[in-house]
Amino acid sequence: MTLYEDLQWRGLIQDISSPELIEKLNKGGLTFYIGTDPTADSMHIGHYSSFLISKRLAKYGHHPLLLVGGATGLIGDPKPDAERPMITKEEVEHNFKGLKKQAEEIFGFEVVNNWDWTKDINVIDFLRDYGKYFNVGYMLAKDKVKSRMESGITFAEFSYMILQALDFLYLYENRGCTLQVAGSDQWGNITSGIELIRKKLDKEAYGMVMPLVTDSNGKKFGKTEGNALWLDKNKTSSYALYQYLINLEDSMIIKYLKMLTFLSKEEIEDLEKKHNAHPELREAHKALAREIITDLHGKEEYEKAVKISECLFTEKINELSSDDIINNLNDVPKFNINIGENIVDLLVNSQICSSKREAREMLSGNAISINNQKITDLEKVISKEDLIDGKVMLLKKGKKNYYIGTID
RNA sequence: GGGAGGAUAGCGAAGUGGUCAAACGCGGCAGACUGUAAAUCUGUUCCUUCGGGUUCUAUGGUUCAAAUCCAUAUCCUCCCA
């Protein structure tokens, strides 16, 4: 199977700028880049899904450059709905450092920063050297700009595409980079860069975009409400990641395996058969979790996550000793126990519930259990009897949120 | 600079003097069913010492009573210059 066929089979190609690219991809030897802006100090699982392409292409003999936008992060890529809030330069710098380190650790390729070649361009040069190549009509026709004409868009964000085009031009001229890869929402920005290169240098550059990874409801992969799934294991534990992956909906799991792992066609087809025969065994889910967590955090972390999950979600849970809990479940969220405290106060103080009202609601709704025993008594007071071996407490909220209580 | 319109809970959006802690939809959370899945159904979704308390951009005002009326400010959108 050629590279292009492989990418196609995995569902990773939404669009390419020219059919010539197919042959170039299959031949190898291209320098290409994929970028992101430092809007947070850690990447999340969404970044992983798109940046993974760098490893795929590298395997076939291409040269990846990872761009973290220290300059573009200060401006903000227009979102379809609303203007981004400005973040401070210090914040961007802080975020940049975090992302750079992560990108190097996880993907292992060179990281470049567009701040380096953008910071010294003055306004006049910017307008003459780049602005002169952009027709406003062309810019207005871009989807992202169009969708913002009603809700409003500032000149800063409007100009974003010029900055990104300039990046591509710079990398083309200075690093021999002829291809930019990104998620499909970047299509407009990529074509701007291709146009700029064509107009200024009379040279052909290429673009390729991947479809956004979404679930059956069109929701972005990795977007759990509230907290993102960070790649930094101190922000999102391997266990939390494992739980997320193992709980993905069945109908999407094969698609995810293709897009997010390096498993071969044969291996995935085999998993598909197993999955269809016995979906409740979640073999495909487990394979996905294994591949991703091992790649991100390493084998040990993965095994730990499996172990914790097995302890908590099988019959084993009733046989756990306090030592088992302390030694094995260290990725499970913790809280402090005060003997003599009312159960409602405990839930609020430990931030398991956000208010007493909610805590009472949970209790009366059968949602709370201690050491696997349902608690419904609002007046319950925590005593030594509630601790396993007098040391720890295993508290569960809902069906799958575990917390471990310890005494100081 | 002139004119018009707007700002309501996480989001979208009703409400234009009391019956408003504020309809409805989405999202969230929980329960049932299951397989730690999806779909579906049910409940819930400001805080509370369960008496009540604090909310509808902000500040002042009118009124027995304000999300609702008035004034000023801030922000946003559109149109004209």
# chains A, B, ... in the order shown; residues from 1 in each chain; ligands from 1
>>> interface_residues(of="chain A", to="chain B", cutoff="6 Å", atoms="only C-alpha atoms (C1' of nucleotides)", output="list in words")
Glu249, Asp250 and Glu280 of chain A
>>> write_last_selection(atoms="C-alpha atoms", output="mmCIF file, in the first residue's frame")
data_model
loop_
_atom_site.group_PDB
_atom_site.id
_atom_site.type_symbol
_atom_site.label_atom_id
_atom_site.label_comp_id
_atom_site.auth_asym_id
_atom_site.auth_seq_id
_atom_site.Cartn_x
_atom_site.Cartn_y
_atom_site.Cartn_z
ATOM 1 C CA GLU A 249 -18.947 4.921 21.620
ATOM 2 C CA ASP A 250 -18.847 1.647 19.724
ATOM 3 C CA GLU A 280 -19.018 -5.905 25.272
#
>>> select_by_dssp(residues="stretch 182-370 of chain A", states="helix (DSSP H, G or I)", output="PyMOL selection string")
chain A and resi 184-201+238-246+250-260+265-277+279-281+283-297+299-313+315-319+322-328+343-349+356-364
>>> select_by_dssp(residues="stretch 97-209 of chain A", states="strand (DSSP E)", output="VMD selection string")
chain A and resid 110 to 113 177 to 183 206 to 209
>>> write_last_selection(atoms="C-alpha atoms", output="CSV table (one decimal), in the first residue's frame")
chain,number,residue,atom,x,y,z
A,110,GLU,CA,12.2,20.0,15.2
A,111,VAL,CA,10.0,22.8,16.6
A,112,VAL,CA,10.0,26.2,14.9
A,113,ASN,CA,8.5,29.4,16.1
A,177,CYS,CA,9.2,23.2,3.0
A,178,THR,CA,6.8,22.5,0.2
A,179,LEU,CA,3.8,21.1,2.1
A,180,GLN,CA,1.6,22.2,4.9
A,181,VAL,CA,-0.7,19.8,6.7
A,182,ALA,CA,-3.5,20.6,9.1
A,183,GLY,CA,-7.1,20.0,10.1
A,206,TYR,CA,1.1,22.0,-1.6
A,207,GLY,CA,-1.5,21.7,1.1
A,208,MET,CA,-3.3,18.7,2.6
A,209,VAL,CA,-6.1,18.8,5.2
>>> residues_around(residues="stretch 55-62 of chain B", least_positions_apart="2", cutoff="7 Å", atoms="only C-alpha atoms (C1' of nucleotides)", output="list in words")
A7, U8, A67 and C70 of chain B
>>> residues_around(residues="stretch 54-56 of chain A", least_positions_apart="5", cutoff="8 Å", atoms="only C-alpha atoms (C1' of nucleotides)", output="list in words")
Ile34, Pro64, Phe107 and Phe262 of chain A
>>> residues_around(residues="A:Ile253", least_positions_apart="5", cutoff="12 Å", atoms="only C-alpha atoms (C1' of nucleotides)", output="number ranges by chain")
A: 213-216, 221, 245-248, 258-261, 268-269, 271-272, 275-276, 279, 282-289; B: 37-38
>>> write_last_selection(atoms="C-alpha atoms (C1' of nucleotides)", output="short mmCIF file (atom, residue, chain, number, x, y, z; two decimals), in the first residue's frame")
data_model
loop_
_atom_site.label_atom_id
_atom_site.label_comp_id
_atom_site.auth_asym_id
_atom_site.auth_seq_id
_atom_site.Cartn_x
_atom_site.Cartn_y
_atom_site.Cartn_z
CA VAL A 213 -12.10 13.78 14.26
CA THR A 214 -15.65 13.79 15.58
CA ASP A 215 -18.05 11.41 17.24
CA SER A 216 -21.42 10.42 15.82
CA PHE A 221 -12.90 14.02 19.63
CA LEU A 245 -10.85 5.91 25.54
CA ILE A 246 -12.43 2.75 26.90
CA ASN A 247 -15.78 4.54 27.08
CA LEU A 248 -15.86 5.82 23.52
CA LYS A 258 -7.53 3.93 11.80
CA MET A 259 -6.99 7.59 12.43
CA LEU A 260 -5.22 7.52 15.76
CA THR A 261 -2.99 4.46 15.76
CA ILE A 268 -7.49 -3.28 12.54
CA GLU A 269 -9.66 -5.52 10.41
CA LEU A 271 -10.10 -6.06 15.74
CA GLU A 272 -13.17 -5.03 13.81
CA HIS A 275 -15.50 -6.10 18.10
CA ASN A 276 -18.53 -6.93 15.99
CA PRO A 279 -18.69 -5.57 21.50
CA ARG A 282 -14.21 -3.84 24.07
CA GLU A 283 -11.20 -5.34 22.44
CA ALA A 284 -11.02 -2.53 19.94
CA HIS A 285 -11.36 0.06 22.69
CA LYS A 286 -8.61 -1.56 24.66
CA ALA A 287 -6.34 -1.64 21.65
CA LEU A 288 -6.95 2.05 21.05
CA ALA A 289 -6.18 2.90 24.65
"C1'" A B 37 -21.11 1.78 24.91
"C1'" A B 38 -24.94 4.15 21.83
#
>>> residues_around(residues="A:Tyr244", least_positions_apart="4", cutoff="9 Å", atoms="only C-alpha atoms (C1' of nucleotides)", output="ChimeraX atom specification")
/A:222,224,229,239-240,248,289
>>> write_last_selection(atoms="C-alpha atoms", output="PDB file, in the first residue's frame")
ATOM      1  CA  GLY A 222     -11.480  14.637  23.075  1.00  0.00           C
ATOM      2  CA  THR A 224     -15.430  16.328  27.131  1.00  0.00           C
ATOM      3  CA  LEU A 229      -7.881  15.739  27.931  1.00  0.00           C
ATOM      4  CA  TYR A 239      -6.007   6.452  34.125  1.00  0.00           C
ATOM      5  CA  ALA A 240      -8.328   9.320  33.167  1.00  0.00           C
ATOM      6  CA  LEU A 248     -15.856   5.825  23.519  1.00  0.00           C
ATOM      7  CA  ALA A 289      -6.182   2.904  24.653  1.00  0.00           C
TER       8      ALA A 289
END
>>> atom_distance(atom1="atom C1' of B:C50", atom2="atom CA of A:Leu378")
14.2 Å
>>> residues_around(residues="stretch 300-309 of chain A", least_positions_apart="3", cutoff="7 Å", atoms="only C-alpha atoms (C1' of nucleotides)", output="list in words")
Ser238, Tyr239, Tyr242, Arg290, Ile293, Thr294, His297, Leu312, Phe313, Asn328 and Leu329 of chain A
>>> closest_residue(among="A:Trp117, A:Pro78, A:Asn174, A:Glu93", to="A:Asn189", atoms="only C-alpha atoms")
A:Pro78
>>> closest_residue(among="A:Gly218, A:Gly398, A:Gly131, A:Pro19", to="A:Ala359", atoms="only C-alpha atoms")
A:Gly398
>>> closest_residue(among="B:C41, B:A32, B:C46, B:A9", to="A:Ser355", atoms="only C-alpha atoms (C1' of nucleotides)")
B:C46
>>> atom_distance(atom1="atom CA of A:Thr2", atom2="atom CA of A:Lys265")
12.5 Å
